[in-house]
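Source file: query-v1.pdb; contents: PDB, C-alpha atoms.
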```pdb
ATOM      1  CA  MET A 196     -30.351 -35.955 -16.430
ATOM      2  CA  HIS A 197     -29.173 -32.401 -16.973
ATOM      3  CA  LYS A 198     -28.374 -31.639 -13.324
ATOM      4  CA  ALA A 199     -25.196 -33.683 -13.149
ATOM      5  CA  PRO A 200     -23.332 -31.784 -15.920
ATOM      6  CA  ARG A 201     -24.234 -28.489 -14.245
ATOM      7  CA  THR A 202     -22.900 -29.734 -10.905
ATOM      8  CA  ILE A 203     -19.718 -30.970 -12.531
ATOM      9  CA  SER A 204     -19.358 -27.622 -14.327
ATOM     10  CA  ALA A 205     -19.673 -25.786 -11.006
ATOM     11  CA  VAL A 206     -16.985 -27.997  -9.497
ATOM     12  CA  LEU A 207     -14.598 -27.806 -12.436
ATOM     13  CA  THR A 208     -14.978 -24.064 -13.027
ATOM     14  CA  PRO A 209     -15.040 -22.376  -9.613
ATOM     15  CA  LEU A 210     -14.462 -18.967 -11.189
ATOM     16  CA  ALA A 211     -17.644 -19.315 -13.230
ATOM     17  CA  TYR A 212     -19.449 -20.555 -10.122
ATOM     18  CA  LEU A 213     -18.324 -17.445  -8.207
ATOM     19  CA  ALA A 214     -19.224 -15.169 -11.119
ATOM     20  CA  ARG A 215     -22.831 -16.329 -10.912
ATOM     21  CA  ARG A 216     -23.037 -15.123  -7.316
ATOM     22  CA  TRP A 217     -20.895 -11.988  -7.249
ATOM     23  CA  THR A 218     -20.885  -8.963  -9.518
ATOM     24  CA  PRO A 219     -18.149  -6.467  -8.650
ATOM     25  CA  SER A 220     -18.595  -2.842  -9.616
ATOM     26  CA  PRO A 221     -16.297  -1.322 -12.258
ATOM     27  CA  ARG A 222     -14.580   0.571  -9.427
ATOM     28  CA  THR A 223     -13.857  -2.698  -7.622
ATOM     29  CA  VAL A 224     -12.371  -4.211 -10.772
ATOM     30  CA  ARG A 225     -10.179  -1.148 -11.254
ATOM     31  CA  ARG A 226      -9.049  -1.232  -7.630
ATOM     32  CA  ALA A 227      -8.168  -4.906  -7.946
ATOM     33  CA  ALA A 228      -6.055  -4.170 -11.035
ATOM     34  CA  PHE A 229      -4.330  -1.295  -9.235
ATOM     35  CA  ALA A 230      -3.609  -3.504  -6.212
ATOM     36  CA  ALA A 231      -1.779  -5.945  -8.478
ATOM     37  CA  LEU A 232       0.211  -3.060  -9.960
ATOM     38  CA  LEU A 233       1.073  -1.680  -6.524
ATOM     39  CA  MET A 234       2.265  -5.064  -5.275
ATOM     40  CA  SER A 235       4.319  -5.680  -8.428
ATOM     41  CA  VAL A 236       6.247  -2.487  -7.643
ATOM     42  CA  ALA A 237       6.483  -3.333  -3.929
ATOM     43  CA  ILE A 238       8.037  -6.729  -4.640
ATOM     44  CA  VAL A 239      10.778  -5.034  -6.694
ATOM     45  CA  VAL A 240      11.577  -2.550  -3.928
ATOM     46  CA  THR A 241      11.625  -5.175  -1.180
ATOM     47  CA  GLY A 242      13.722  -7.444  -3.382
ATOM     48  CA  GLY A 243      16.186  -4.576  -3.689
ATOM     49  CA  ALA A 244      16.187  -4.245   0.099
ATOM     50  CA  VAL A 245      17.162  -7.918   0.348
ATOM     51  CA  ARG A 246      20.151  -7.356  -1.920
ATOM     52  CA  LEU A 247      21.212  -4.035  -0.417
ATOM     53  CA  THR A 248      21.211  -5.388   3.148
ATOM     54  CA  GLY A 249      23.326  -8.370   2.112
ATOM     55  CA  SER A 250      20.437 -10.744   2.840
ATOM     56  CA  GLY A 251      20.350 -12.435  -0.550
ATOM     57  CA  LEU A 252      21.368 -15.774   0.945
ATOM     58  CA  GLY A 253      19.679 -15.234   4.300
ATOM     59  CA  CYS A 254      17.669 -18.321   3.346
ATOM     60  CA  ASP A 255      20.312 -20.497   1.729
ATOM     61  CA  THR A 256      17.993 -22.915  -0.046
ATOM     62  CA  TRP A 257      14.660 -22.981  -1.867
ATOM     63  CA  PRO A 258      11.722 -23.476  -1.504
ATOM     64  CA  LYS A 259      12.561 -24.045   2.171
ATOM     65  CA  CYS A 260      14.569 -21.465   4.104
ATOM     66  CA  THR A 261      17.048 -24.094   5.349
ATOM     67  CA  ASP A 262      17.465 -27.774   4.691
ATOM     68  CA  ASP A 263      15.428 -28.527   7.826
ATOM     69  CA  SER A 264      13.056 -25.558   8.133
ATOM     70  CA  LEU A 265      10.424 -23.918   5.947
ATOM     71  CA  VAL A 266      10.819 -20.629   7.846
ATOM     72  CA  ALA A 267      13.767 -18.535   8.959
ATOM     73  CA  THR A 268      15.470 -19.718  12.139
ATOM     74  CA  PRO A 269      16.986 -17.587  14.953
ATOM     75  CA  GLU A 270      20.450 -18.750  13.884
ATOM     76  CA  GLN A 271      20.003 -16.995  10.536
ATOM     77  CA  GLY A 272      19.508 -13.653  12.274
ATOM     78  CA  LEU A 273      18.286 -10.491  10.592
ATOM     79  CA  HIS A 274      19.383 -11.530   7.105
ATOM     80  CA  GLY A 275      17.259 -14.656   7.280
ATOM     81  CA  ALA A 276      14.243 -12.664   8.487
ATOM     82  CA  ILE A 277      14.607 -10.119   5.654
ATOM     83  CA  GLU A 278      14.967 -12.764   2.948
ATOM     84  CA  PHE A 279      12.102 -14.857   4.330
ATOM     85  CA  GLY A 280       9.925 -11.749   4.617
ATOM     86  CA  ASN A 281      10.478 -10.992   0.948
ATOM     87  CA  ARG A 282       9.500 -14.546   0.054
ATOM     88  CA  MET A 283       6.306 -14.196   2.083
ATOM     89  CA  LEU A 284       5.496 -10.973   0.236
ATOM     90  CA  THR A 285       5.242 -13.084  -2.910
ATOM     91  CA  TYR A 286       2.090 -14.609  -1.421
ATOM     92  CA  VAL A 287       0.647 -11.123  -0.893
ATOM     93  CA  LEU A 288       1.434 -10.360  -4.542
ATOM     94  CA  SER A 289      -0.218 -13.624  -5.564
ATOM     95  CA  ALA A 290      -3.297 -12.694  -3.534
ATOM     96  CA  ALA A 291      -3.489  -9.312  -5.276
ATOM     97  CA  VAL A 292      -3.177 -10.976  -8.687
ATOM     98  CA  GLY A 293      -5.796 -13.518  -7.645
ATOM     99  CA  TRP A 294      -8.172 -10.735  -6.646
ATOM    100  CA  CYS A 295      -7.638  -9.142 -10.050
ATOM    101  CA  ILE A 296      -8.488 -12.425 -11.796
ATOM    102  CA  LEU A 297     -11.595 -13.005  -9.674
ATOM    103  CA  ALA A 298     -12.862  -9.456 -10.154
ATOM    104  CA  ALA A 299     -12.275  -9.538 -13.908
ATOM    105  CA  ARG A 300     -14.005 -12.910 -14.266
ATOM    106  CA  SER A 301     -16.988 -11.927 -12.136
ATOM    107  CA  ALA A 302     -17.621  -8.538 -13.781
ATOM    108  CA  LYS A 303     -20.756  -8.164 -15.869
ATOM    109  CA  PRO A 304     -20.434  -8.314 -18.784
ATOM    110  CA  TRP A 305     -17.495 -10.712 -18.639
ATOM    111  CA  ARG A 306     -14.480  -9.150 -20.327
ATOM    112  CA  ARG A 307     -12.305 -12.072 -21.344
ATOM    113  CA  SER A 308      -9.402  -9.781 -22.262
ATOM    114  CA  LEU A 309      -9.056  -8.661 -18.633
ATOM    115  CA  THR A 310      -9.235 -12.240 -17.379
ATOM    116  CA  ARG A 311      -6.480 -13.304 -19.770
ATOM    117  CA  LEU A 312      -4.293 -10.425 -18.610
ATOM    118  CA  GLY A 313      -4.858 -11.517 -15.016
ATOM    119  CA  TRP A 314      -3.781 -15.076 -15.781
ATOM    120  CA  LEU A 315      -0.725 -13.733 -17.600
ATOM    121  CA  GLN A 316       0.192 -11.889 -14.407
ATOM    122  CA  PHE A 317      -0.112 -15.138 -12.463
ATOM    123  CA  ALA A 318       2.112 -16.978 -14.961
ATOM    124  CA  ILE A 319       4.828 -14.328 -14.637
ATOM    125  CA  VAL A 320       4.650 -14.429 -10.821
ATOM    126  CA  LEU A 321       5.030 -18.212 -10.916
ATOM    127  CA  ALA A 322       7.944 -18.049 -13.370
ATOM    128  CA  ASN A 323       9.714 -15.412 -11.307
ATOM    129  CA  ALA A 324       9.266 -17.443  -8.120
ATOM    130  CA  VAL A 325      11.017 -20.359  -9.820
ATOM    131  CA  LEU A 326      13.758 -18.064 -11.143
ATOM    132  CA  GLY A 327      14.162 -16.650  -7.631
ATOM    133  CA  GLY A 328      14.766 -20.172  -6.364
ATOM    134  CA  ILE A 329      17.338 -20.745  -9.103
ATOM    135  CA  THR A 330      19.003 -17.472  -8.092
ATOM    136  CA  VAL A 331      19.384 -18.674  -4.502
ATOM    137  CA  MET A 332      20.586 -22.152  -5.481
ATOM    138  CA  THR A 333      23.204 -20.666  -7.849
ATOM    139  CA  GLY A 334      24.595 -18.404  -5.123
ATOM    140  CA  LEU A 335      23.127 -15.144  -6.471
ATOM    141  CA  ASN A 336      24.470 -15.565  -9.976
ATOM    142  CA  PRO A 337      24.412 -11.988 -11.399
ATOM    143  CA  TYR A 338      22.811 -13.082 -14.666
ATOM    144  CA  SER A 339      20.035 -14.853 -12.789
ATOM    145  CA  VAL A 340      19.563 -11.773 -10.593
ATOM    146  CA  ALA A 341      19.271  -9.611 -13.727
ATOM    147  CA  GLY A 342      16.674 -11.974 -15.197
ATOM    148  CA  HIS A 343      14.767 -11.894 -11.915
ATOM    149  CA  PHE A 344      14.512  -8.101 -12.147
ATOM    150  CA  LEU A 345      13.563  -8.113 -15.834
ATOM    151  CA  LEU A 346      10.749 -10.599 -15.185
ATOM    152  CA  ALA A 347       9.519  -8.338 -12.403
ATOM    153  CA  THR A 348       9.523  -5.479 -14.903
ATOM    154  CA  ALA A 349       7.506  -7.647 -17.296
ATOM    155  CA  LEU A 350       4.971  -8.165 -14.521
ATOM    156  CA  ILE A 351       4.750  -4.401 -14.018
ATOM    157  CA  SER A 352       4.110  -4.044 -17.752
ATOM    158  CA  VAL A 353       1.160  -6.439 -17.683
ATOM    159  CA  THR A 354      -0.326  -4.937 -14.517
ATOM    160  CA  VAL A 355      -0.120  -1.433 -16.020
ATOM    161  CA  VAL A 356      -1.893  -2.604 -19.181
ATOM    162  CA  THR A 357      -4.529  -4.397 -17.094
ATOM    163  CA  TRP A 358      -5.138  -1.314 -14.948
ATOM    164  CA  HIS A 359      -5.427   0.857 -18.043
ATOM    165  CA  ARG A 360      -7.786  -1.573 -19.766
ATOM    166  CA  THR A 361     -10.204  -1.485 -16.819
ATOM    167  CA  GLY A 362     -10.984   2.105 -17.788
ATOM    168  CA  GLU A 363     -11.548   1.291 -21.457
ATOM    169  CA  GLY A 364     -14.084  -0.595 -23.494
ATOM    170  CA  ASP A 365     -13.597  -3.601 -25.772
ATOM    171  CA  ALA A 366     -14.168  -1.963 -29.149
ATOM    172  CA  PRO A 367     -11.267  -1.873 -31.632
ATOM    173  CA  THR A 368      -8.579   0.692 -30.832
ATOM    174  CA  ARG A 369      -8.724   4.171 -32.351
ATOM    175  CA  PRO A 370      -5.668   6.427 -32.593
ATOM    176  CA  ARG A 371      -5.795   9.767 -30.806
ATOM    177  CA  VAL A 372      -2.669  11.218 -32.430
ATOM    178  CA  PRO A 373      -1.064  11.013 -35.911
ATOM    179  CA  ALA A 374       0.942   7.919 -36.870
ATOM    180  CA  PRO A 375       4.412   9.575 -36.560
ATOM    181  CA  VAL A 376       3.680  10.383 -32.915
ATOM    182  CA  ARG A 377       2.793   6.747 -32.250
ATOM    183  CA  LYS A 378       6.054   5.670 -33.883
ATOM    184  CA  LEU A 379       7.899   8.065 -31.582
ATOM    185  CA  SER A 380       6.242   6.352 -28.614
ATOM    186  CA  TRP A 381       7.522   2.980 -29.829
ATOM    187  CA  ALA A 382      11.042   4.422 -30.018
ATOM    188  CA  LEU A 383      10.628   5.759 -26.490
ATOM    189  CA  LEU A 384       9.448   2.360 -25.250
ATOM    190  CA  ALA A 385      12.307   0.491 -26.918
ATOM    191  CA  THR A 386      14.963   2.904 -25.665
ATOM    192  CA  THR A 387      13.599   2.761 -22.117
ATOM    193  CA  ALA A 388      13.680  -1.041 -22.243
ATOM    194  CA  VAL A 389      17.351  -0.848 -23.265
ATOM    195  CA  LEU A 390      17.965   1.606 -20.411
ATOM    196  CA  ILE A 391      16.449  -0.778 -17.857
ATOM    197  CA  ALA A 392      18.381  -3.748 -19.249
ATOM    198  CA  ALA A 393      21.599  -1.721 -19.083
ATOM    199  CA  GLY A 394      20.778  -0.925 -15.473
ATOM    200  CA  THR A 395      20.786  -4.641 -14.639
ATOM    201  CA  VAL A 396      24.287  -4.879 -16.135
ATOM    202  CA  VAL A 397      25.427  -1.997 -13.930
ATOM    203  CA  THR A 398      23.984  -3.837 -10.953
ATOM    204  CA  GLY A 399      25.545  -7.135 -11.982
ATOM    205  CA  SER A 400      29.011  -5.629 -12.264
ATOM    206  CA  GLY A 401      28.683  -3.216  -9.327
ATOM    207  CA  PRO A 402      29.565  -3.568  -5.648
ATOM    208  CA  HIS A 403      26.166  -4.565  -4.246
ATOM    209  CA  ALA A 404      26.291  -8.312  -4.786
ATOM    210  CA  GLY A 405      23.422  -9.122  -2.431
ATOM    211  CA  ASP A 406      25.409 -11.044   0.170
ATOM    212  CA  SER A 407      28.374 -10.365   2.418
ATOM    213  CA  SER A 408      30.338 -13.313   0.986
ATOM    214  CA  GLU A 409      32.439 -13.213  -2.166
ATOM    215  CA  ILE A 410      29.998 -13.498  -5.056
ATOM    216  CA  LYS A 411      31.115 -13.585  -8.669
ATOM    217  CA  ARG A 412      30.169 -10.451 -10.578
ATOM    218  CA  MET A 413      29.729  -9.803 -14.294
ATOM    219  CA  PRO A 414      33.206  -9.492 -15.845
ATOM    220  CA  LEU A 415      32.691  -5.878 -16.932
ATOM    221  CA  ASP A 416      34.089  -2.553 -15.827
ATOM    222  CA  TRP A 417      31.463  -1.094 -13.517
ATOM    223  CA  GLU A 418      32.159   2.572 -14.282
ATOM    224  CA  ALA A 419      32.149   1.961 -18.040
ATOM    225  CA  THR A 420      28.771   0.215 -17.864
ATOM    226  CA  ALA A 421      27.452   3.051 -15.701
ATOM    227  CA  HIS A 422      28.465   5.558 -18.391
ATOM    228  CA  VAL A 423      26.676   3.503 -21.079
ATOM    229  CA  HIS A 424      23.631   3.428 -18.817
ATOM    230  CA  ALA A 425      23.824   7.217 -18.461
ATOM    231  CA  ILE A 426      23.998   7.690 -22.248
ATOM    232  CA  ALA A 427      20.860   5.578 -22.648
ATOM    233  CA  ALA A 428      19.198   7.674 -19.948
ATOM    234  CA  TRP A 429      19.995  10.912 -21.785
ATOM    235  CA  LEU A 430      18.571   9.422 -24.990
ATOM    236  CA  VAL A 431      15.355   8.512 -23.165
ATOM    237  CA  CYS A 432      15.179  12.061 -21.801
ATOM    238  CA  ALA A 433      15.628  13.511 -25.297
ATOM    239  CA  LEU A 434      12.843  11.316 -26.666
ATOM    240  CA  ALA A 435      10.588  12.214 -23.744
ATOM    241  CA  VAL A 436      11.128  15.937 -24.347
ATOM    242  CA  ALA A 437      10.448  15.408 -28.060
ATOM    243  CA  MET A 438       7.246  13.551 -27.203
ATOM    244  CA  TRP A 439       6.088  16.354 -24.908
ATOM    245  CA  LEU A 440       6.752  18.994 -27.566
ATOM    246  CA  VAL A 441       5.154  16.999 -30.402
ATOM    247  CA  LEU A 442       2.014  16.344 -28.377
ATOM    248  CA  ARG A 443       1.618  20.069 -27.883
ATOM    249  CA  VAL A 444       2.174  20.757 -31.587
ATOM    250  CA  VAL A 445      -0.461  18.231 -32.719
ATOM    251  CA  ASP A 446      -2.859  19.447 -30.020
ATOM    252  CA  ALA A 447      -3.143  16.016 -28.422
ATOM    253  CA  PRO A 448      -5.814  15.406 -25.755
ATOM    254  CA  GLU A 449      -5.117  16.971 -22.371
ATOM    255  CA  ASP A 450      -4.727  13.656 -20.534
ATOM    256  CA  THR A 451      -2.123  12.504 -23.060
ATOM    257  CA  ARG A 452      -0.088  15.673 -22.604
ATOM    258  CA  ALA A 453      -0.372  15.209 -18.844
ATOM    259  CA  ARG A 454       1.109  11.706 -19.135
ATOM    260  CA  ALA A 455       4.076  13.141 -21.083
ATOM    261  CA  ARG A 456       4.559  15.820 -18.438
ATOM    262  CA  ASP A 457       4.484  13.210 -15.679
ATOM    263  CA  LEU A 458       7.149  11.233 -17.512
ATOM    264  CA  LEU A 459       9.458  14.267 -17.648
ATOM    265  CA  VAL A 460       9.056  14.830 -13.899
ATOM    266  CA  VAL A 461       9.832  11.203 -13.085
ATOM    267  CA  LEU A 462      12.841  11.187 -15.419
ATOM    268  CA  LEU A 463      14.209  14.360 -13.831
ATOM    269  CA  ALA A 464      13.959  12.877 -10.342
ATOM    270  CA  GLN A 465      15.398   9.526 -11.445
ATOM    271  CA  GLY A 466      18.323  11.199 -13.207
ATOM    272  CA  ALA A 467      19.137  13.284 -10.131
ATOM    273  CA  VAL A 468      19.133  10.186  -7.915
ATOM    274  CA  GLY A 469      21.250   8.307 -10.430
ATOM    275  CA  TYR A 470      24.007  10.909 -10.619
ATOM    276  CA  VAL A 471      24.071  11.507  -6.875
ATOM    277  CA  GLN A 472      24.410   7.784  -6.134
ATOM    278  CA  PHE A 473      27.204   7.479  -8.730
ATOM    279  CA  PHE A 474      29.277  10.274  -7.217
ATOM    280  CA  THR A 475      28.652   9.156  -3.609
ATOM    281  CA  ASP A 476      29.794   5.527  -4.098
ATOM    282  CA  LEU A 477      26.321   3.980  -4.286
ATOM    283  CA  PRO A 478      24.806   4.406  -0.823
ATOM    284  CA  GLU A 479      22.162   1.752  -0.204
ATOM    285  CA  VAL A 480      19.314   4.209   0.371
ATOM    286  CA  LEU A 481      19.860   5.938  -2.964
ATOM    287  CA  VAL A 482      20.221   2.629  -4.807
ATOM    288  CA  ALA A 483      16.835   1.563  -3.404
ATOM    289  CA  ALA A 484      15.325   4.891  -4.480
ATOM    290  CA  HIS A 485      16.817   4.386  -7.948
ATOM    291  CA  MET A 486      15.198   0.940  -8.207
ATOM    292  CA  LEU A 487      11.840   2.449  -7.301
ATOM    293  CA  GLY A 488      12.482   5.173  -9.864
ATOM    294  CA  SER A 489      13.166   2.558 -12.520
ATOM    295  CA  CYS A 490       9.699   1.100 -11.939
ATOM    296  CA  LEU A 491       8.075   4.525 -12.024
ATOM    297  CA  VAL A 492       9.867   5.505 -15.243
ATOM    298  CA  TRP A 493       8.707   2.335 -16.979
ATOM    299  CA  ILE A 494       5.147   2.843 -15.754
ATOM    300  CA  ALA A 495       5.178   6.450 -16.966
ATOM    301  CA  VAL A 496       6.483   5.453 -20.409
ATOM    302  CA  LEU A 497       3.829   2.756 -20.735
ATOM    303  CA  ARG A 498       1.085   5.183 -19.718
ATOM    304  CA  VAL A 499       2.205   7.656 -22.387
ATOM    305  CA  ALA A 500       2.059   4.941 -25.053
ATOM    306  CA  LEU A 501      -1.333   3.677 -23.883
ATOM    307  CA  SER A 502      -2.810   7.181 -23.836
ATOM    308  CA  LEU A 503      -2.128   7.592 -27.566
ATOM    309  CA  ARG A 504      -5.059   5.351 -28.454
ATOM    310  CA  GLU A 505      -8.485   4.590 -27.063
ATOM    311  CA  ARG A 506     -10.977   1.751 -26.940
ATOM    312  CA  PRO A 507     -14.603   2.905 -26.806
ATOM    313  CA  HIS A 508     -17.191   0.893 -24.897
ATOM    314  CA  LEU A 509     -19.278  -1.500 -26.958
ATOM    315  CA  PRO A 510     -23.043  -0.979 -27.150
ATOM    316  CA  ALA A 511     -25.009  -2.973 -24.601
ATOM    317  CA  GLY A 512     -25.374  -6.576 -25.683
ATOM    318  CA  ALA A 513     -22.789  -6.350 -28.468
ATOM    319  CA  PRO A 514     -20.161  -9.139 -28.399
ATOM    320  CA  ALA A 515     -16.493  -8.299 -27.973
ATOM    321  CA  PRO A 516     -14.442  -8.497 -31.201
ATOM    322  CA  ALA A 517     -12.980 -11.882 -30.250
ATOM    323  CA  GLU A 518     -16.409 -13.273 -29.448
ATOM    324  CA  ALA A 519     -17.839 -11.899 -32.712
ATOM    325  CA  SER A 520     -15.097 -13.578 -34.743
ATOM    326  CA  LEU A 521     -15.740 -16.886 -32.987
ATOM    327  CA  SER A 522     -19.460 -16.586 -33.716
ATOM    328  CA  ALA A 523     -18.733 -15.877 -37.373
ATOM    329  CA  ALA A 524     -16.439 -18.879 -37.561
TER     330      ALA A 524
END
```
Give the structure from the file, written as structure tokens.
Amino acid sequence: MHKAPRTISAVLTPLAYLARRWTPSPRTVRRAAFAALLMSVAIVVTGGAVRLTGSGLGCDTWPKCTDDSLVATPEQGLHGAIEFGNRMLTYVLSAAVGWCILAARSAKPWRRSLTRLGWLQFAIVLANAVLGGITVMTGLNPYSVAGHFLLATALISVTVVTWHRTGEGDAPTRPRVPAPVRKLSWALLATTAVLIAAGTVVTGSGPHAGDSSEIKRMPLDWEATAHVHAIAAWLVCALAVAMWLVLRVVDAPEDTRARARDLLVVLLAQGAVGYVQFFTDLPEVLVAAHMLGSCLVWIAVLRVALSLRERPHLPAGAPAPAEASLSAA
């Protein structure tokens, strides 16, 4: 009488069924998390390539490429192939996120926090796919395009946290630096988020609309928004320098100081690309490099913030904090 429920459980929970038969190593779990991070950056860069080549409406409908075809047709030419290729890359991203979920669920012991982060990645991918369809159906509305990029940045945030958490335990967090330094990291995070959001406004009011046809842009002066973006960038640089200096003063751990140094290097390169593209009328290659730099800056800022605290590994057999609270309840 007890066999039927077990069979039903195996059918209804395939992840649990797989977990009983596969135990990935910690290295495999970490590689799966990194693959999701890598693909979340790749989808941003290839999406930028779609816009910069004027292929934003290469497939003029969604979810199909044309009213009569799921795939790009010869009549759509190179633009159709580029846009359809970017859509297909979403499936590669989904596969990477799926691998992350499977690896996290099958690891022993099962770390529910990693599994939840994996499912959050999947939810963001799904939401951004829908928003991408809305973007196409609204003729590359600049506000929709900006939201599409910001959701992609949110995905990068979750994949970075997931990757970082694979190298930690599940014990409660412990600070590695004094409280004022952690507050400085929050200021750095918030200012960088404003910088990235301002960058989408520059894009929305700038010349690269994403398609060769006349597409409505944000009703803002492009050069003025670029100057505001530059001011935010200088503020981020000032906070990053302050973070680097403060970490040295408080004798922070070596890996934390290394993360702050990496951030300064990425900011220097991103700033150089930004000013060169501004004074050379936004060549497509430099705009693409700047989009990649935006991802790398955000990743570097997140890694600095995450390195300011630690989560030790729990003793063998000890329940995770969430599990312990459930048991107590």
Give as a PDB file with C-alpha atoms, keeping the file's coordinate frame the residues that the PyMOL selection byres ((chain A and resi 426-441) around 10) matches when applied to the coordinates above.
```pdb
ATOM      1  CA  VAL A 372      -2.669  11.218 -32.430  1.00  0.00           C
ATOM      2  CA  PRO A 375       4.412   9.575 -36.560  1.00  0.00           C
ATOM      3  CA  VAL A 376       3.680  10.383 -32.915  1.00  0.00           C
ATOM      4  CA  ARG A 377       2.793   6.747 -32.250  1.00  0.00           C
ATOM      5  CA  LEU A 379       7.899   8.065 -31.582  1.00  0.00           C
ATOM      6  CA  SER A 380       6.242   6.352 -28.614  1.00  0.00           C
ATOM      7  CA  ALA A 382      11.042   4.422 -30.018  1.00  0.00           C
ATOM      8  CA  LEU A 383      10.628   5.759 -26.490  1.00  0.00           C
ATOM      9  CA  LEU A 384       9.448   2.360 -25.250  1.00  0.00           C
ATOM     10  CA  ALA A 385      12.307   0.491 -26.918  1.00  0.00           C
ATOM     11  CA  THR A 386      14.963   2.904 -25.665  1.00  0.00           C
ATOM     12  CA  THR A 387      13.599   2.761 -22.117  1.00  0.00           C
ATOM     13  CA  ALA A 388      13.680  -1.041 -22.243  1.00  0.00           C
ATOM     14  CA  VAL A 389      17.351  -0.848 -23.265  1.00  0.00           C
ATOM     15  CA  LEU A 390      17.965   1.606 -20.411  1.00  0.00           C
ATOM     16  CA  ILE A 391      16.449  -0.778 -17.857  1.00  0.00           C
ATOM     17  CA  ALA A 393      21.599  -1.721 -19.083  1.00  0.00           C
ATOM     18  CA  GLY A 394      20.778  -0.925 -15.473  1.00  0.00           C
ATOM     19  CA  THR A 420      28.771   0.215 -17.864  1.00  0.00           C
ATOM     20  CA  ALA A 421      27.452   3.051 -15.701  1.00  0.00           C
ATOM     21  CA  HIS A 422      28.465   5.558 -18.391  1.00  0.00           C
ATOM     22  CA  VAL A 423      26.676   3.503 -21.079  1.00  0.00           C
ATOM     23  CA  HIS A 424      23.631   3.428 -18.817  1.00  0.00           C
ATOM     24  CA  ALA A 425      23.824   7.217 -18.461  1.00  0.00           C
ATOM     25  CA  LEU A 442       2.014  16.344 -28.377  1.00  0.00           C
ATOM     26  CA  ARG A 443       1.618  20.069 -27.883  1.00  0.00           C
ATOM     27  CA  VAL A 444       2.174  20.757 -31.587  1.00  0.00           C
ATOM     28  CA  VAL A 445      -0.461  18.231 -32.719  1.00  0.00           C
ATOM     29  CA  ASP A 446      -2.859  19.447 -30.020  1.00  0.00           C
ATOM     30  CA  ALA A 447      -3.143  16.016 -28.422  1.00  0.00           C
ATOM     31  CA  THR A 451      -2.123  12.504 -23.060  1.00  0.00           C
ATOM     32  CA  ARG A 452      -0.088  15.673 -22.604  1.00  0.00           C
ATOM     33  CA  ALA A 453      -0.372  15.209 -18.844  1.00  0.00           C
ATOM     34  CA  ARG A 454       1.109  11.706 -19.135  1.00  0.00           C
ATOM     35  CA  ALA A 455       4.076  13.141 -21.083  1.00  0.00           C
ATOM     36  CA  ARG A 456       4.559  15.820 -18.438  1.00  0.00           C
ATOM     37  CA  ASP A 457       4.484  13.210 -15.679  1.00  0.00           C
ATOM     38  CA  LEU A 458       7.149  11.233 -17.512  1.00  0.00           C
ATOM     39  CA  LEU A 459       9.458  14.267 -17.648  1.00  0.00           C
ATOM     40  CA  LEU A 462      12.841  11.187 -15.419  1.00  0.00           C
ATOM     41  CA  LEU A 463      14.209  14.360 -13.831  1.00  0.00           C
ATOM     42  CA  GLN A 465      15.398   9.526 -11.445  1.00  0.00           C
ATOM     43  CA  GLY A 466      18.323  11.199 -13.207  1.00  0.00           C
ATOM     44  CA  GLY A 469      21.250   8.307 -10.430  1.00  0.00           C
ATOM     45  CA  VAL A 496       6.483   5.453 -20.409  1.00  0.00           C
ATOM     46  CA  VAL A 499       2.205   7.656 -22.387  1.00  0.00           C
TER      47      VAL A 499
END
```
Quick one: apply the PyMOL selection byres ((chain A and resi 217-226) around 8) to the file and drop the selected residues here as a PyMOL selection string.
-> chain A and resi 213-216+227-230+295+298-299+301-303+358+361-362
Closest atom pairs, residues of range 388-498 of chain A within 7 Å of range 331-353 of chain A, all atoms listed in the file, as a Markdown table:
```
| residue | atom | partner | partner_atom | distance |
| --- | --- | --- | --- | --- |
| A:Thr395 | CA | A:Ala341 | CA | 5.3 |
| A:Gly399 | CA | A:Pro337 | CA | 5.0 |
| A:Arg412 | CA | A:Pro337 | CA | 6.0 |
| A:Met413 | CA | A:Pro337 | CA | 6.4 |
```
Could you expand the PyMOL selection byres ((chain A and resi 314-323) around 7) into the explicit residues it covers here, written as a PyMOL selection string?
-> chain A and resi 292+296+310-313+324-327+343+346+350+353-354
Atom-to-atom span, CA of Val461 in chain A and CA of Ser400 in chain A, Å | 25.5 Å
Report, as JSON, the axis-aligned box around all atoms of range 328-344 of chain A present in the file, extended by 5 Å on each side; give centre and edge lengths in Å to one decimal place.
```
{"center_x": 19.6, "center_y": -15.1, "center_z": -9.8, "size_x": 20.1, "size_y": 24.1, "size_z": 20.7}
```
Considering only C-alpha atoms, return as a PDB file with C-alpha atoms, keeping the file's coordinate frame whatever protein or nucleic-acid residues lie within 8 Å of range 257-270 of chain A, sequence-local ones (same chain, fewer than 2 positions apart) excluded.
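The new file around39.pdb reads:
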```
ATOM      1  CA  CYS A 254      17.669 -18.321   3.346  1.00  0.00           C
ATOM      2  CA  ASP A 255      20.312 -20.497   1.729  1.00  0.00           C
ATOM      3  CA  GLY A 272      19.508 -13.653  12.274  1.00  0.00           C
ATOM      4  CA  GLY A 275      17.259 -14.656   7.280  1.00  0.00           C
ATOM      5  CA  ALA A 276      14.243 -12.664   8.487  1.00  0.00           C
ATOM      6  CA  PHE A 279      12.102 -14.857   4.330  1.00  0.00           C
ATOM      7  CA  GLY A 328      14.766 -20.172  -6.364  1.00  0.00           C
ATOM      8  CA  VAL A 331      19.384 -18.674  -4.502  1.00  0.00           C
ATOM      9  CA  MET A 332      20.586 -22.152  -5.481  1.00  0.00           C
TER      10      MET A 332
END
```
